[in-house]
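Since the structure comes first, as structure tokens, the remarks are kept for the end.
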Amino acid sequence: MSREKEIYKVTLIGSAGNAALLTFKFIAGVMGNSSAMIADAVHSLSDFVTDLLVLVFVSISAKPQDQSHDYGHGKFETIASFLIGLALVAAATGIMVSGAAKLWVWWCGEQLESPGWIALWAALLSILIKELLYQYTARKGRTLDSQVMVANAWHHRSDALSSIGAAIGIGGAIWLGQRWAVLDPLASIVVGLMLVKVAYELLKASVGELTERSLSAETEQEIVEIIQSFGDVQEPHNLRTRRIGNRIAIEAHVRMDGQLPLNVVHERATTIERKLKERYGQKTHVTLHMEPVK
């Protein structure tokens, strides 16, 4: 199965789970009078929307290079990851505003109604399903080296975390009695804060790639060491690196004996390029500028 089809399959499984969960959570939230569960349902809705984003953008990113995209379309995956981060921020904001509104009502002296058992069962079911979806999607994302799949996996994990917060708040409100019903909106605010943290990490990585951030110092040092492993090559310099979706691009200047024939220098450059692609993937973009030793 091709990489694109594998991503489609994993995403469709996740979207089916999200569609079923968000429906059940909304029903449970309304019937169980739980703001935490309704907030959790909104999060599942954002999961479902991001699944659709993944399906659209992965299709675009899989296109080969063309006249208008010399380096291919890999960064469309990065754009999808960025949009997933924004969707998480939007979901977190809605959750926290809703919880804060309930807290304000409680603070003004109005009694909050305790949530029902159906809301608690919905939260526990969500924890189980979303954690399973996280494990499955994350494993496939790492295998396929897909940043957007890993990002989407964390969206599943964040939903599981939000359901844990909802379950604690709902369970506490049920078992401790009416005067502890405030635990339900408090749990929704904690859930929102957890989502903000996850969104920050996703946005940080996506913005870094979209703004051409270099690879880590450790990776760049490894690249230099691979180049220097050839004894007739000297002084690798002007190293430039960046990510393009699930691929990386490497540019470097290296020096060789200026008296060597052109075909020998060309063969060495080809060998270095092959070695780098063996380490970082066959779709790695490698550009080497050969210079004579001064």
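Residues in the structure tokens are numbered from 1 in each chain, the chains being A, B, ... in the order shown, and ligands are numbered from 1 in the order shown.
DSSP annotation of stretch 57-283 of chain A from backbone atoms: strand (DSSP E or B) residues are Asp66, His69, Gln234, Glu235, Pro236, His237, Asn238, Leu239, Arg240, Thr241, Arg242, Arg243, Ile244, Arg247, Ile248, Ala249, Ile250, Glu251, Ala252, His253, Val254, Arg255 and Met256 of chain A.
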DSSP-assigned helix (DSSP H, G or I) among stretch 35-260 of chain A, expressed as JSON, numbers by chain: {"A": [35, 36, 37, 38, 39, 40, 41, 42, 43, 44, 45, 46, 47, 48, 49, 50, 51, 52, 53, 54, 55, 56, 57, 58, 59, 60, 61, 75, 76, 77, 78, 79, 80, 81, 82, 83, 84, 85, 86, 87, 88, 89, 90, 91, 92, 93, 94, 95, 96, 97, 98, 99, 100, 101, 102, 103, 104, 105, 106, 107, 117, 118, 119, 120, 121, 122, 123, 124, 125, 126, 127, 128, 129, 130, 131, 132, 133, 134, 135, 136, 137, 138, 139, 140, 141, 142, 143, 147, 148, 149, 150, 151, 152, 153, 154, 155, 156, 157, 158, 159, 160, 161, 162, 163, 164, 165, 166, 167, 168, 169, 170, 171, 172, 173, 174, 175, 176, 178, 179, 180, 183, 184, 185, 186, 187, 188, 189, 190, 191, 192, 193, 194, 195, 196, 197, 198, 199, 200, 201, 202, 203, 204, 205, 206, 207, 208, 209, 210, 217, 218, 219, 220, 221, 222, 223, 224, 225, 226, 227, 228]}
Kindly provide the residues of stretch 7-110 of chain A that approach stretch 142-147 of chain A to within 8 Å, each paired with its closest atom pair and their distance in Å to one decimal, based on only C-alpha atoms, listed by chain and increasing number, as a tab-separated table.
residue	atom	partner	partner_atom	distance
A:Glu77	CA	A:Gln147	CA	7.1
A:Thr78	CA	A:Gln147	CA	7.2
A:Ser81	CA	A:Gln147	CA	7.3
So that each row is one residue of stretch 116-147 of chain A with an atom at most 9 Å from stretch 159-176 of chain A, can you give its shortest atom pair and the distance in Å to one decimal, using only C-alpha atoms, rows by chain and rising number, as JSON lines?
{"residue": "A:Gly116", "atom": "CA", "partner": "A:Ile174", "partner_atom": "CA", "distance": 7.1}
{"residue": "A:Trp117", "atom": "CA", "partner": "A:Ile174", "partner_atom": "CA", "distance": 7.6}
{"residue": "A:Ala119", "atom": "CA", "partner": "A:Ile170", "partner_atom": "CA", "distance": 7.2}
{"residue": "A:Leu120", "atom": "CA", "partner": "A:Ala167", "partner_atom": "CA", "distance": 5.7}
{"residue": "A:Trp121", "atom": "CA", "partner": "A:Ala167", "partner_atom": "CA", "distance": 8.3}
{"residue": "A:Ala122", "atom": "CA", "partner": "A:Ala167", "partner_atom": "CA", "distance": 8.6}
{"residue": "A:Ala123", "atom": "CA", "partner": "A:Ser163", "partner_atom": "CA", "distance": 5.1}
{"residue": "A:Leu124", "atom": "CA", "partner": "A:Ala167", "partner_atom": "CA", "distance": 6.6}
{"residue": "A:Leu125", "atom": "CA", "partner": "A:Ser163", "partner_atom": "CA", "distance": 8.8}
{"residue": "A:Ser126", "atom": "CA", "partner": "A:Ser163", "partner_atom": "CA", "distance": 6.3}
{"residue": "A:Ile127", "atom": "CA", "partner": "A:Ala160", "partner_atom": "CA", "distance": 4.6}
{"residue": "A:Leu128", "atom": "CA", "partner": "A:Ala160", "partner_atom": "CA", "distance": 7.5}
{"residue": "A:Ile129", "atom": "CA", "partner": "A:Ala160", "partner_atom": "CA", "distance": 8.0}
{"residue": "A:Lys130", "atom": "CA", "partner": "A:Ala160", "partner_atom": "CA", "distance": 5.2}
{"residue": "A:Glu131", "atom": "CA", "partner": "A:Ala160", "partner_atom": "CA", "distance": 5.9}
{"residue": "A:Tyr134", "atom": "CA", "partner": "A:Ala160", "partner_atom": "CA", "distance": 8.6}
Shell of 8 Å around stretch 18-24 of chain A, only C-alpha atoms, local chain residues under 6 positions omitted, as a list of chain:residue names: A:Ala41, A:Val42, A:Ser44, A:Leu45, A:Asp47, A:Phe48, A:Ala122, A:Ser126
Of the listed residues A:Glu6, A:Glu267, A:Asp40, A:Glu218, that which approaches A:Thr137 most closely, counting only C-alpha atoms: A:Glu6
Pairwise distance for atom CA of A:Val265 and atom CA of A:Asp232, rounded to one decimal in Å: 9.7 Å
Who sits within 7 Å of A:His285, only C-alpha atoms, same chain under 4 positions skipped, as a list in words: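 Residues near the query, excluding close chain neighbours: Ile248, Ala249 and Ile250 of chain A.
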Once you have the residues from the selection above, write them out as an mmCIF file, in the first residue's frame, restricted to N, CA, C and O atoms.
data_model
loop_
_atom_site.group_PDB
_atom_site.id
_atom_site.type_symbol
_atom_site.label_atom_id
_atom_site.label_comp_id
_atom_site.auth_asym_id
_atom_site.auth_seq_id
_atom_site.Cartn_x
_atom_site.Cartn_y
_atom_site.Cartn_z
ATOM 1 N N ILE A 248 13.847 16.142 3.977
ATOM 2 C CA ILE A 248 14.749 17.221 4.365
ATOM 3 C C ILE A 248 15.570 17.637 3.152
ATOM 4 O O ILE A 248 15.714 16.880 2.187
ATOM 5 N N ALA A 249 16.086 18.856 3.194
ATOM 6 C CA ALA A 249 16.960 19.384 2.134
ATOM 7 C C ALA A 249 18.308 19.740 2.754
ATOM 8 O O ALA A 249 18.368 20.316 3.841
ATOM 9 N N ILE A 250 19.375 19.363 2.072
ATOM 10 C CA ILE A 250 20.748 19.599 2.548
ATOM 11 C C ILE A 250 21.540 20.288 1.444
ATOM 12 O O ILE A 250 21.562 19.815 0.306
#
Separation of atom CA of A:Arg243 from atom CA of A:Lys9 in Å: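 Between atom CA of A:Lys9 and atom CA of A:Arg243 the gap is 24.9 Å.
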Contacts of A:Glu222 within 12 Å, only C-alpha atoms, excl. fewer than 4 positions in-chain, as a ChimeraX atom specification: /A:215-218,226-229,239,250,275-276,279-280
Point-to-point distance in Å for atom CA of A:Glu209 and atom CA of A:Arg247: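 Calculated distance between atom CA of A:Arg247 and atom CA of A:Glu209 is 11.2 Å.
The closest residue to A:Val148, picked from A:Asn33, A:Ser214, A:Ser206, A:Gln135 and counting only C-alpha atoms, is A:Ser206.
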Who sits within 12 Å of A:Leu260, only C-alpha atoms, same chain under 2 positions skipped, as a count of residues only: 17
List the neighbours of stretch 35-38 of chain A out to 6 Å using only C-alpha atoms; skip same-chain residues closer than 3 positions along the sequence, and give me the result as a PDB file with N, CA and C atoms, in the first residue's frame.
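Output saved as result_18.pdb:
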ATOM      1  N   PHE A  26     -22.197  14.755  22.617  1.00  0.00           N
ATOM      2  CA  PHE A  26     -23.180  15.842  22.618  1.00  0.00           C
ATOM      3  C   PHE A  26     -24.487  15.381  23.276  1.00  0.00           C
ATOM      4  N   GLY A  29     -23.806  14.951  26.942  1.00  0.00           N
ATOM      5  CA  GLY A  29     -23.628  16.251  27.588  1.00  0.00           C
ATOM      6  C   GLY A  29     -24.938  16.959  27.835  1.00  0.00           C
ATOM      7  N   ALA A  41     -17.164  17.239  23.752  1.00  0.00           N
ATOM      8  CA  ALA A  41     -17.764  16.966  22.439  1.00  0.00           C
ATOM      9  C   ALA A  41     -17.271  17.966  21.393  1.00  0.00           C
ATOM     10  N   ALA A 166     -12.581  15.693  32.133  1.00  0.00           N
ATOM     11  CA  ALA A 166     -14.039  15.720  32.224  1.00  0.00           C
ATOM     12  C   ALA A 166     -14.545  14.636  33.176  1.00  0.00           C
ATOM     13  N   ASP A 184     -17.455  20.354  37.690  1.00  0.00           N
ATOM     14  CA  ASP A 184     -17.678  20.090  36.260  1.00  0.00           C
ATOM     15  C   ASP A 184     -17.119  21.217  35.382  1.00  0.00           C
ATOM     16  N   PRO A 185     -17.520  22.502  35.572  1.00  0.00           N
ATOM     17  CA  PRO A 185     -16.920  23.569  34.759  1.00  0.00           C
ATOM     18  C   PRO A 185     -15.436  23.788  35.051  1.00  0.00           C
ATOM     19  N   SER A 188     -13.578  21.500  32.876  1.00  0.00           N
ATOM     20  CA  SER A 188     -13.553  21.932  31.473  1.00  0.00           C
ATOM     21  C   SER A 188     -12.470  22.987  31.244  1.00  0.00           C
TER      22      SER A 188
END
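You can rank A:Arg274, A:His155, A:Arg240, A:His289 by their closest distance to A:Glu201 using only C-alpha atoms, and at the top of that list sits A:His155.
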Of the listed residues A:Ile223, A:Val191, A:Ile272, A:Ile244, that which approaches A:Gly94 most closely, counting only C-alpha atoms: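 Among the listed residues, the smallest separation from A:Gly94 belongs to A:Val191.
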